[in-house]
>>> print(open('data-v1.cif').read())   # mmCIF, C-alpha atoms
data_query
#
loop_
_atom_site.label_atom_id
_atom_site.label_comp_id
_atom_site.auth_asym_id
_atom_site.auth_seq_id
_atom_site.Cartn_x
_atom_site.Cartn_y
_atom_site.Cartn_z
CA MET A 18 -1.03 -29.09 -47.48
CA SER A 19 -0.19 -31.56 -44.70
CA CYS A 20 -2.66 -33.13 -42.22
CA ARG A 21 -1.19 -30.99 -39.47
CA GLU A 22 -2.49 -27.87 -41.12
CA TYR A 23 -6.07 -29.19 -41.21
CA ARG A 24 -6.09 -30.13 -37.52
CA SER A 25 -6.95 -26.66 -36.23
CA GLY A 26 -10.06 -26.45 -38.40
CA LEU A 27 -11.03 -30.01 -37.44
CA ILE A 28 -10.74 -29.25 -33.72
CA GLU A 29 -13.02 -26.23 -34.07
CA TRP A 30 -15.43 -28.37 -36.06
CA GLY A 31 -15.26 -31.01 -33.34
CA ARG A 32 -16.12 -28.35 -30.78
CA GLY A 33 -19.31 -27.66 -32.67
CA ARG A 34 -18.16 -24.59 -34.53
CA VAL A 35 -18.99 -25.52 -38.06
CA PRO A 36 -16.67 -23.73 -40.50
CA GLY A 37 -17.88 -21.51 -43.31
CA GLU A 38 -18.93 -22.99 -46.64
CA ALA A 39 -15.57 -22.57 -48.39
CA ALA A 40 -13.50 -23.85 -45.47
CA ARG A 41 -15.86 -26.72 -44.94
CA ARG A 42 -15.58 -27.78 -48.56
CA VAL A 43 -11.80 -27.85 -48.25
CA LEU A 44 -11.95 -29.90 -45.05
CA VAL A 45 -14.47 -32.38 -46.45
CA MET A 46 -12.30 -32.92 -49.52
CA HIS A 47 -9.35 -33.70 -47.26
CA LEU A 48 -11.38 -35.99 -45.00
CA GLU A 49 -12.50 -38.02 -48.00
CA GLN A 50 -8.88 -38.73 -48.83
CA CYS A 51 -7.42 -39.02 -45.27
CA GLY A 52 -8.79 -41.64 -42.91
CA GLU A 53 -6.56 -40.52 -40.05
CA CYS A 54 -7.97 -36.99 -40.07
CA ALA A 55 -11.50 -38.41 -40.34
CA ARG A 56 -10.83 -40.40 -37.16
CA PHE A 57 -9.34 -37.29 -35.58
CA LEU A 58 -12.55 -35.37 -36.23
CA GLU A 59 -14.58 -38.25 -34.87
CA THR A 60 -12.46 -38.26 -31.73
CA GLN A 61 -12.86 -34.52 -31.25
CA GLN A 62 -16.64 -34.83 -31.55
CA ALA A 63 -16.67 -37.70 -29.06
CA LEU A 64 -14.52 -35.63 -26.71
CA SER A 65 -16.99 -32.75 -26.90
CA ALA A 66 -19.84 -35.14 -26.10
CA ALA A 67 -17.95 -36.49 -23.09
CA MET A 68 -17.33 -32.95 -21.94
CA SER A 69 -21.05 -32.24 -22.17
CA ASP A 70 -21.60 -35.13 -19.77
CA LEU A 71 -19.01 -33.63 -17.48
CA ILE A 72 -20.75 -30.25 -17.56
CA ALA A 73 -24.10 -31.89 -16.81
CA GLU A 74 -22.78 -33.50 -13.63
CA PRO A 75 -24.79 -32.30 -10.62
CA VAL A 76 -23.19 -30.03 -8.07
CA PRO A 77 -23.55 -31.07 -4.42
CA PRO A 78 -25.84 -28.82 -2.36
CA ALA A 79 -24.28 -25.58 -1.16
CA SER A 80 -25.16 -26.39 2.44
CA GLU A 81 -22.69 -29.30 2.35
CA PHE A 82 -19.73 -26.93 2.64
CA LEU A 83 -21.44 -23.92 4.21
CA GLY A 84 -21.05 -24.86 7.89
CA PRO A 85 -17.28 -24.43 8.33
CA VAL A 86 -17.34 -21.25 6.24
CA MET A 87 -19.98 -19.62 8.43
CA THR A 88 -18.13 -20.78 11.53
CA GLU A 89 -15.08 -18.95 10.25
CA PHE A 90 -17.21 -15.91 9.47
CA ASP A 91 -18.54 -15.88 13.05
CA ARG A 92 -15.02 -16.20 14.38
CA ALA A 93 -13.88 -13.26 12.27
CA HIS A 94 -16.95 -11.14 13.12
CA PRO A 95 -17.92 -12.03 16.69
CA PRO A 96 -21.19 -10.24 17.49
CA ARG A 97 -20.54 -10.18 21.23
CA ARG A 98 -17.29 -8.35 20.90
CA VAL A 99 -19.00 -5.73 18.78
CA ARG A 100 -21.44 -5.10 21.60
CA MET A 101 -18.75 -5.16 24.28
CA ILE A 102 -16.56 -2.54 22.68
CA PRO A 103 -18.79 0.47 23.41
CA VAL A 104 -19.32 -0.68 27.01
CA ARG A 105 -15.59 -1.05 27.55
CA TYR A 106 -14.94 2.33 26.02
CA ALA A 107 -17.69 3.86 28.13
CA ILE A 108 -16.05 2.55 31.32
CA ILE A 109 -12.65 3.79 30.23
CA ALA A 110 -14.13 7.17 29.28
CA ALA A 111 -15.89 7.45 32.64
CA ILE A 112 -12.68 6.68 34.55
CA ALA A 113 -10.76 9.16 32.41
CA ALA A 114 -13.39 11.83 32.96
CA ALA A 115 -13.34 11.26 36.73
CA LEU A 116 -9.55 11.51 36.79
CA LEU A 117 -9.63 14.63 34.67
CA LEU A 118 -12.20 16.23 36.94
CA ALA A 119 -10.12 15.39 40.01
CA VAL A 120 -7.03 16.90 38.42
CA VAL A 121 -8.90 20.05 37.39
CA LEU A 122 -10.35 20.51 40.86
CA THR A 123 -6.98 19.98 42.51
CA GLN A 124 -5.34 22.40 40.13
CA THR A 125 -8.02 25.01 40.78
CA ARG A 126 -7.39 24.82 44.52
CA VAL A 127 -3.67 25.03 44.11
CA HIS A 128 -4.10 27.88 41.68
CA ARG A 129 -6.27 29.75 44.20
CA HIS A 130 -3.63 29.20 46.88
CA PHE A 131 -0.97 30.56 44.56
CA ARG A 132 -3.04 33.55 43.58
CA ALA A 133 -3.48 34.40 47.26
CA SER A 134 0.27 34.41 47.80
CA ARG A 135 1.20 35.76 44.38
CA PRO A 136 2.12 39.36 45.24
CA ILE A 137 5.59 37.95 45.56
CA SER A 138 6.11 39.28 42.05
CA THR A 139 5.93 42.75 43.47
CA VAL A 140 8.23 41.76 46.28
CA THR A 141 11.01 40.62 44.02
CA VAL A 142 11.74 44.21 43.16
CA GLN A 143 14.49 45.36 45.38
CA ALA A 144 13.02 48.38 47.04
CA PRO A 145 14.59 50.63 49.56
CA ALA A 146 13.71 49.94 53.15
CA PRO A 147 10.04 50.88 53.53
CA ASP A 148 8.53 53.15 56.09
CA VAL A 149 6.66 50.62 58.23
CA THR A 150 4.76 53.26 60.12
CA THR A 151 2.96 54.29 56.98
CA ALA A 152 2.23 50.76 55.98
CA VAL A 153 0.94 49.78 59.40
CA ALA A 154 -1.22 52.85 59.55
CA THR A 155 -2.78 51.96 56.22
CA VAL A 156 -3.36 48.31 57.08
CA ASP A 157 -4.50 49.00 60.57
CA THR A 158 -7.77 50.47 59.48
CA ALA A 159 -8.40 48.06 56.61
CA VAL A 160 -7.57 44.72 58.19
CA ARG A 161 -9.64 43.67 61.17
CA THR A 162 -11.58 40.53 60.42
CA PRO A 163 -11.35 38.16 57.48
CA GLN A 164 -14.83 39.26 56.28
CA SER A 165 -14.07 42.96 56.36
CA ARG A 166 -10.68 42.34 54.78
CA ARG A 167 -12.28 40.42 51.92
CA ALA A 168 -14.88 43.16 51.46
CA ALA A 169 -12.23 45.83 51.45
CA PHE A 170 -10.23 43.82 48.93
CA ARG A 171 -13.18 43.63 46.58
CA GLU A 172 -14.17 47.28 46.85
CA THR A 173 -10.84 49.05 46.92
CA ALA A 174 -7.89 47.05 45.71
CA PRO A 175 -7.67 44.21 43.20
CA GLU A 176 -4.43 42.97 44.76
CA PRO A 177 -3.79 42.30 48.50
CA GLU A 178 -1.38 44.48 50.47
CA PRO A 179 2.08 43.91 48.98
CA PHE A 180 4.91 42.17 50.77
CA TYR A 181 8.07 44.15 51.41
CA PRO A 182 11.24 42.24 50.67
CA ILE A 183 13.61 41.85 53.57
CA PRO A 184 16.79 43.74 52.68
CA TYR A 185 19.90 41.76 51.78
CA THR A 186 18.06 38.48 51.11
CA ALA A 187 18.21 36.63 47.80
CA PRO A 188 15.15 36.99 45.58
CA LEU A 189 12.81 34.02 45.18
CA ALA A 190 13.45 31.73 42.27
CA PRO A 191 10.70 31.54 39.60
CA GLY A 192 8.11 28.96 40.62
CA GLU A 193 9.57 28.54 44.09
CA TRP A 194 7.06 27.38 46.67
CA THR A 195 6.40 29.70 49.59
CA ARG A 196 4.27 29.74 52.69
CA VAL A 197 2.90 32.61 54.70
CA GLU A 198 3.16 32.66 58.50
CA ARG A 199 1.55 35.24 60.64
CA MET A 200 3.66 36.34 63.62
CA LYS A 201 4.42 39.23 65.98
CA ILE A 202 7.78 40.85 65.33
CA PRO A 203 9.46 43.28 67.72
CA ILE A 204 10.23 46.67 66.17
CA GLY A 205 13.86 46.20 67.18
CA ALA A 206 14.08 43.08 65.08
CA LEU A 207 12.71 44.91 62.05
CA ILE A 208 15.29 47.66 62.52
CA ALA A 209 17.99 45.02 62.95
CA ILE A 210 17.25 43.38 59.59
CA GLY A 211 17.35 46.71 57.77
CA PHE A 212 13.86 48.23 57.82
CA HIS A 213 13.53 51.91 58.49
CA VAL A 214 10.93 52.16 61.30
CA ILE A 215 9.74 55.36 62.97
CA VAL A 216 7.71 54.76 66.12
CA SER A 217 7.24 56.48 69.45
CA ASP A 218 7.54 53.19 71.40
CA PRO A 219 10.63 51.18 70.35
CA THR A 220 9.41 48.17 72.42
CA ALA A 221 6.21 47.81 70.41
CA THR A 222 5.56 44.74 68.19
CA VAL A 223 4.23 44.50 64.69
CA GLU A 224 1.82 41.74 63.65
CA ALA A 225 2.78 40.76 60.13
CA ASP A 226 2.53 38.03 57.50
CA VAL A 227 5.96 36.63 56.82
CA LEU A 228 6.69 35.02 53.46
CA VAL A 229 8.88 31.98 54.07
CA SER A 230 10.68 30.35 51.16
CA GLN A 231 11.30 26.63 50.54
CA ASP A 232 14.58 26.74 52.46
CA GLY A 233 12.74 28.00 55.56
CA ARG A 234 14.11 31.54 55.40
CA ALA A 235 11.95 34.66 55.68
CA ARG A 236 12.02 36.61 52.42
CA ALA A 237 9.40 39.35 52.81
CA ILE A 238 6.93 40.72 55.28
CA ARG A 239 3.50 42.30 55.11
CA PRO A 240 2.79 44.40 58.23
CA LEU A 241 -0.78 44.24 59.45
CA SER A 242 -0.98 46.07 62.76
CA ILE A 243 1.19 47.50 65.51
CA SER A 244 0.71 47.05 69.21
CA ASN A 245 2.35 48.73 72.16
CA SER A 246 4.03 46.61 74.80
CA ASN A 247 2.04 48.25 77.65
CA MET B 3 -22.97 -11.42 -15.72
CA GLY B 4 -25.90 -9.06 -15.99
CA GLU B 5 -26.12 -5.59 -14.53
CA THR B 6 -28.65 -6.81 -11.95
CA GLU B 7 -26.29 -9.49 -10.63
CA ARG B 8 -23.42 -7.04 -10.62
CA ARG B 9 -25.39 -4.52 -8.58
CA ARG B 10 -26.57 -7.26 -6.23
CA ASP B 11 -22.99 -8.43 -5.70
CA ARG B 12 -21.80 -4.91 -4.94
CA GLN B 13 -24.51 -4.39 -2.36
CA LEU B 14 -23.88 -7.78 -0.78
CA VAL B 15 -20.13 -7.19 -0.63
CA GLU B 16 -20.69 -3.83 1.00
CA ARG B 17 -22.98 -5.34 3.62
CA PHE B 18 -20.67 -8.31 4.14
CA ARG B 19 -17.71 -6.00 4.75
CA SER B 20 -19.65 -4.32 7.51
CA GLY B 21 -20.17 -7.72 9.17
CA ASP B 22 -23.58 -8.72 7.77
CA ARG B 23 -23.81 -12.50 8.12
CA GLU B 24 -26.84 -12.87 5.88
CA ALA B 25 -25.17 -10.94 3.07
CA PHE B 26 -22.16 -13.23 3.22
CA ALA B 27 -24.35 -16.35 3.14
CA GLU B 28 -26.19 -14.92 0.13
CA LEU B 29 -22.90 -14.29 -1.66
CA TYR B 30 -21.86 -17.84 -0.91
CA HIS B 31 -25.05 -19.31 -2.36
CA ALA B 32 -24.82 -17.10 -5.46
CA HIS B 33 -21.24 -18.03 -6.35
CA TYR B 34 -20.95 -21.53 -4.96
CA PRO B 35 -22.09 -23.54 -8.05
CA ALA B 36 -19.75 -21.87 -10.55
CA LEU B 37 -16.88 -21.94 -8.10
CA PHE B 38 -17.41 -25.60 -7.27
CA ARG B 39 -17.51 -26.53 -10.94
CA HIS B 40 -14.38 -24.55 -11.64
CA ALA B 41 -12.55 -26.23 -8.77
CA LEU B 42 -13.87 -29.62 -9.85
CA TYR B 43 -12.61 -29.17 -13.42
CA MET B 44 -9.27 -27.99 -12.16
CA THR B 45 -8.78 -30.77 -9.62
CA GLY B 46 -10.86 -33.61 -11.02
CA ASP B 47 -11.83 -34.48 -7.47
CA ARG B 48 -15.15 -33.59 -5.84
CA VAL B 49 -13.79 -33.66 -2.31
CA ARG B 50 -10.90 -31.37 -3.16
CA ALA B 51 -13.26 -29.13 -5.10
CA GLY B 52 -15.43 -28.74 -2.00
CA GLU B 53 -12.39 -27.99 0.14
CA THR B 54 -11.23 -25.44 -2.39
CA VAL B 55 -14.60 -23.67 -2.32
CA GLN B 56 -14.36 -23.49 1.45
CA ASP B 57 -10.82 -22.16 1.25
CA VAL B 58 -11.88 -19.47 -1.22
CA PHE B 59 -14.70 -18.19 0.98
CA VAL B 60 -12.58 -18.34 4.13
CA TRP B 61 -9.96 -16.33 2.25
CA LEU B 62 -12.64 -13.84 1.24
CA ILE B 63 -13.70 -13.41 4.88
CA HIS B 64 -10.20 -12.28 5.81
CA HIS B 65 -9.35 -10.38 2.60
CA SER B 66 -12.60 -8.72 1.60
CA LYS B 67 -10.76 -5.43 1.05
CA ASP B 68 -8.70 -7.03 -1.71
CA PHE B 69 -11.71 -7.15 -4.00
CA ASP B 70 -11.92 -3.95 -6.04
CA GLU B 71 -15.32 -3.54 -7.74
CA SER B 72 -13.89 -1.11 -10.26
CA ARG B 73 -11.56 -3.78 -11.67
CA GLY B 74 -14.12 -6.50 -12.36
CA ASP B 75 -16.88 -8.72 -11.08
CA LEU B 76 -16.77 -10.89 -8.00
CA GLY B 77 -17.24 -14.18 -9.88
CA PRO B 78 -14.03 -14.02 -11.94
CA PHE B 79 -12.22 -12.61 -8.93
CA LEU B 80 -13.18 -15.64 -6.83
CA GLY B 81 -12.22 -17.90 -9.75
CA GLY B 82 -8.76 -16.32 -9.74
CA VAL B 83 -8.48 -16.85 -5.99
CA ALA B 84 -9.47 -20.50 -6.43
CA ARG B 85 -6.85 -20.96 -9.14
CA LYS B 86 -4.11 -19.48 -6.97
CA LEU B 87 -5.10 -21.56 -3.95
CA LEU B 88 -5.16 -24.70 -6.09
CA LEU B 89 -1.75 -24.01 -7.56
CA ARG B 90 -0.31 -23.42 -4.12
CA ARG B 91 -1.86 -26.62 -2.91
CA GLN B 92 -0.61 -28.59 -5.90
CA ARG B 93 2.92 -27.34 -5.36
CA THR B 94 2.75 -28.46 -1.75
CA GLU B 95 1.27 -31.84 -2.59
CA SER B 96 3.41 -32.53 -5.65
CA ARG B 97 6.03 -34.12 -3.43
CA TRP B 98 3.55 -36.68 -2.08
CA LEU B 99 1.79 -39.39 -4.07
CA PRO B 100 -0.70 -41.62 -2.24
CA PHE B 101 0.10 -45.31 -2.49
CA ASP B 102 -3.19 -46.36 -4.13
CA GLU B 103 -3.03 -43.60 -6.77
CA ALA B 104 0.50 -44.57 -7.62
CA ALA B 105 -0.70 -48.14 -8.17
CA ALA B 106 -3.63 -46.88 -10.26
CA SER B 107 -1.38 -44.85 -12.52
CA VAL B 108 0.80 -47.91 -13.10
CA ARG B 109 -2.27 -49.91 -13.98
CA ASP B 110 -3.45 -47.15 -16.39
CA ALA B 111 -0.24 -47.27 -18.30
CA ASN B 112 0.04 -51.04 -18.54
CA ASP B 113 -3.52 -52.17 -18.91
CA ASP B 114 -5.13 -49.50 -21.05
CA ASP B 115 -7.24 -51.69 -23.34
CA GLN B 116 -8.78 -53.68 -20.51
CA PHE B 117 -9.55 -50.45 -18.69
CA ALA B 118 -11.20 -48.94 -21.80
CA ARG B 119 -13.41 -51.97 -22.36
CA GLY B 120 -14.71 -52.05 -18.82
CA LEU B 121 -15.62 -48.42 -18.47
CA GLU B 122 -19.17 -47.33 -18.02
CA ARG B 123 -20.39 -43.85 -18.82
CA ASP B 124 -19.96 -42.45 -15.31
CA GLU B 125 -16.52 -43.87 -15.00
CA GLU B 126 -15.69 -42.42 -18.38
CA THR B 127 -16.74 -38.99 -17.22
CA ALA B 128 -14.74 -39.38 -14.03
CA GLN B 129 -11.69 -40.43 -16.02
CA LEU B 130 -12.08 -37.50 -18.39
CA ARG B 131 -12.31 -35.21 -15.38
CA LYS B 132 -9.11 -36.67 -13.99
CA ALA B 133 -7.40 -36.45 -17.34
CA ILE B 134 -8.27 -32.78 -17.65
CA ALA B 135 -7.02 -32.18 -14.11
CA ALA B 136 -3.78 -33.93 -15.00
CA LEU B 137 -3.08 -31.64 -17.96
CA PRO B 138 -0.35 -29.05 -17.59
CA GLU B 139 -1.74 -25.91 -15.98
CA ARG B 140 -1.77 -23.72 -19.11
CA TYR B 141 -3.62 -26.34 -21.19
CA ARG B 142 -6.03 -27.17 -18.39
CA ASP B 143 -6.93 -23.50 -17.96
CA ALA B 144 -7.77 -23.24 -21.64
CA VAL B 145 -10.01 -26.35 -21.58
CA VAL B 146 -11.79 -25.25 -18.40
CA HIS B 147 -12.44 -21.71 -19.60
CA CYS B 148 -13.37 -22.42 -23.21
CA ASP B 149 -14.87 -25.91 -23.31
CA LEU B 150 -16.25 -26.46 -19.82
CA GLU B 151 -17.24 -22.95 -18.75
CA GLY B 152 -18.27 -21.90 -22.25
CA ARG B 153 -16.29 -18.68 -22.47
CA SER B 154 -15.23 -17.10 -25.73
CA TYR B 155 -11.53 -16.93 -26.62
CA GLU B 156 -11.53 -13.24 -25.74
CA GLU B 157 -13.04 -13.80 -22.28
CA ALA B 158 -10.66 -16.68 -21.61
CA ALA B 159 -7.71 -14.56 -22.72
CA SER B 160 -8.75 -11.87 -20.27
CA ALA B 161 -9.09 -14.38 -17.43
CA MET B 162 -5.81 -16.11 -18.27
CA ASP B 163 -4.04 -12.85 -18.91
CA CYS B 164 -2.65 -13.83 -22.31
CA ALA B 165 -3.34 -13.29 -26.04
CA VAL B 166 -6.35 -14.72 -27.83
CA GLY B 167 -4.10 -16.67 -30.21
CA THR B 168 -2.31 -18.20 -27.24
CA VAL B 169 -5.59 -19.40 -25.75
CA ARG B 170 -6.60 -20.94 -29.07
CA SER B 171 -3.32 -22.77 -29.57
CA ARG B 172 -3.29 -24.01 -25.96
CA LEU B 173 -6.83 -25.29 -26.26
CA HIS B 174 -6.04 -27.12 -29.48
CA ARG B 175 -2.96 -28.66 -27.96
CA ALA B 176 -4.92 -29.74 -24.90
CA ARG B 177 -7.63 -31.33 -27.03
CA GLU B 178 -5.03 -33.21 -29.06
CA LEU B 179 -3.55 -34.58 -25.84
CA LEU B 180 -6.95 -35.57 -24.51
CA ALA B 181 -7.95 -37.14 -27.81
CA ARG B 182 -4.78 -39.19 -27.90
CA LYS B 183 -5.41 -40.44 -24.39
CA PHE B 184 -9.11 -41.09 -24.84
CA GLN B 185 -9.28 -42.38 -28.39
CA CYS B 186 -9.70 -45.97 -27.21
CA ARG B 187 -11.83 -45.17 -24.19
CA LEU B 188 -14.36 -43.14 -26.16
CA GLY B 189 -15.37 -46.21 -28.12
CA LEU B 190 -13.30 -45.28 -31.14
CA ARG B 191 -10.62 -47.18 -32.96
CA CYS B 192 -7.19 -46.53 -31.54
CA LEU B 193 -4.74 -44.72 -33.73
#
>>> encode(input="data-v1.cif", output="structure tokens")
Amino acid sequence: MSCREYRSGLIEWGRGRVPGEAARRVLVMHLEQCGECARFLETQQALSAAMSDLIAEPVPPASEFLGPVMTEFDRAHPPRRVRMIPVRYAIIAAIAAALLLAVVLTQTRVHRHFRASRPISTVTVQAPAPDVTTAVATVDTAVRTPQSRRAAFRETAPEPEPFYPIPYTAPLAPGEWTRVERMKIPIGALIAIGFHVIVSDPTATVEADVLVSQDGRARAIRPLSISNSN
Amino acid sequence: MGETERRRDRQLVERFRSGDREAFAELYHAHYPALFRHALYMTGDRVRAGETVQDVFVWLIHHSKDFDESRGDLGPFLGGVARKLLLRRQRTESRWLPFDEAAASVRDANDDDQFARGLERDEETAQLRKAIAALPERYRDAVVHCDLEGRSYEEAASAMDCAVGTVRSRLHRARELLARKFQCRLGLRCL
């Protein structure tokens, strides 16, 4: 057996791990014959002792290196920002809520306006020229003042008086904006545009709501009352 | 590490992740000594060891999510971080050798006997520390884990991610190298 093969056991012995009885006896026998290995063991034991000194060296106080670390911690977790975030979000949320409310209110008004002028859906149906006398007679009793008209609307009909499409005009496009203008129309004019009107006085005028499309053209009328010229 | 320390670490890490300053400071105080010693054995330099400890905790501040409690304890995890940071630093610094250290290394090689005679105990310890730090990484790891931190071969193998036999052979090789270098300085007859 060469010295090299004993070295492993000698290192462990030098580290303080005393080998078992049999192994120790073999090592001791070799050490008695080999001065070099005896010195090797001595060196290993001295090395272990020096390492013990190294382990026993005091560690500097933790506070010596703590400052910069905590500074970095504070930079990574700024307490102010944590408090500011909810306030910022609250302001943003308040502005968003105000904008949303404004939009909803505006939409509601527009929607009401549209609902008031919605009967256009009934107007789009191309109907034969209506008998205005009948319509005027019906409206004449129901429509007097805004209050009575509203009351009549609630009690009798869920929809306002329908508009009659003006013959030979193009139907309104879906979603097309319209406006309603109230005006007095001579009977002759109604006859001229294609309505079938039966009246005793051909010079009379009809007060009516006229539905005007985006291009400024009259598309339908809703007769309200008839008045004689004299 | 006992179950109590493990539970304490888990609670502290949880609190620290949610921004608790006190919990982080407590973690620092609990792991600082072992980490400093580890860095000191690896570098052989107290100043660099202190810097390494700082680097490890700064890294932890920004990468706290990287620590997975189910895979092991915080202590060995921080030790692994320290080792990686040191290796990175050594690679960066390997190209630069300070003038005075270069002169010292020349003196070591040429004037070994005179150096050995004049050493006092503290200097001897400092030189041993430097010698360990100068070992190749795989040998140094084995010495630090087994001889200086008192781990068993199995624990060291787990930390070094290699076989138990490998740890043993690396440690023996490292001790042979150290013995050869320190035979004269340790007050023994030179071979």
>>> closest_residue(input="data-v1.cif", among="B:Arg90, B:Arg85, B:Arg23, B:Arg172", to="chain A", atoms="all atoms listed in the file")
B:Arg23
>>> interface_residues(input="data-v1.cif", of="chain B", to="chain A", cutoff="9 Å", atoms="all atoms listed in the file", output="PyMOL selection string")
chain B and resi 21-23+26-27+30-31+34-35+38-39+43+48+52-53+55-57+59-60+63-64+123-124+126-128+130-131+149-151+171+174+177-178+180-182+184-185+188-191+193
>>> resolve_selection(input="data-v1.cif", expression="the PyMOL selection byres ((chain A and resi 204) around 8)", output="mmCIF file with C-alpha atoms, keeping the file's coordinate frame")
data_model
loop_
_atom_site.group_PDB
_atom_site.id
_atom_site.type_symbol
_atom_site.label_atom_id
_atom_site.label_comp_id
_atom_site.auth_asym_id
_atom_site.auth_seq_id
_atom_site.Cartn_x
_atom_site.Cartn_y
_atom_site.Cartn_z
ATOM 1 C CA ILE A 202 7.780 40.850 65.330
ATOM 2 C CA PRO A 203 9.460 43.280 67.720
ATOM 3 C CA GLY A 205 13.860 46.200 67.180
ATOM 4 C CA ALA A 206 14.080 43.080 65.080
ATOM 5 C CA LEU A 207 12.710 44.910 62.050
ATOM 6 C CA ILE A 208 15.290 47.660 62.520
ATOM 7 C CA VAL A 214 10.930 52.160 61.300
ATOM 8 C CA PRO A 219 10.630 51.180 70.350
ATOM 9 C CA THR A 220 9.410 48.170 72.420
ATOM 10 C CA ALA A 221 6.210 47.810 70.410
ATOM 11 C CA THR A 222 5.560 44.740 68.190
ATOM 12 C CA VAL A 223 4.230 44.500 64.690
#
>>> resolve_selection(input="data-v1.cif", expression="the PyMOL selection byres ((chain A and resi 235-241) around 6)", output="list in words")
Val153, Val156, Phe180, Tyr181, Pro182, Ile183, Glu224, Ala225, Asp226, Val227, Leu228, Val229, Arg234 and Ser242 of chain A
>>> atom_distance(input="data-v1.cif", atom1="atom CA of B:Asp163", atom2="atom CA of B:Asp143")
11.1 Å
>>> decode(input="data-v1.cif", residues="stretch 205-233 of chain A", atoms="C-alpha atoms", output="CSV table (one decimal), in the first residue's frame")
chain,number,residue,atom,x,y,z
A,205,GLY,CA,-104.8,73.7,-51.1
A,206,ALA,CA,-101.2,73.0,-50.3
A,207,LEU,CA,-102.1,69.7,-48.7
A,208,ILE,CA,-104.2,68.7,-51.8
A,209,ALA,CA,-101.3,69.8,-54.0
A,210,ILE,CA,-98.8,67.5,-52.3
A,211,GLY,CA,-101.2,64.5,-52.6
A,212,PHE,CA,-103.4,64.4,-49.5
A,213,HIS,CA,-107.0,63.6,-50.0
A,214,VAL,CA,-108.9,66.4,-48.1
A,215,ILE,CA,-112.6,66.9,-47.8
A,216,VAL,CA,-113.7,70.2,-46.4
A,217,SER,CA,-116.5,72.7,-47.0
A,218,ASP,CA,-114.1,75.7,-47.1
A,219,PRO,CA,-111.2,75.1,-49.5
A,220,THR,CA,-109.5,78.3,-48.2
A,221,ALA,CA,-109.2,77.0,-44.7
A,222,THR,CA,-105.8,76.3,-43.1
A,223,VAL,CA,-104.7,73.3,-41.0
A,224,GLU,CA,-102.4,73.8,-38.0
A,225,ALA,CA,-100.1,70.8,-38.0
A,226,ASP,CA,-96.7,69.5,-36.8
A,227,VAL,CA,-94.4,69.0,-39.7
A,228,LEU,CA,-91.6,66.4,-39.4
A,229,VAL,CA,-88.5,67.9,-41.1
A,230,SER,CA,-85.6,65.6,-42.0
A,231,GLN,CA,-81.9,66.4,-41.8
A,232,ASP,CA,-81.9,67.7,-45.4
A,233,GLY,CA,-84.5,70.3,-44.5
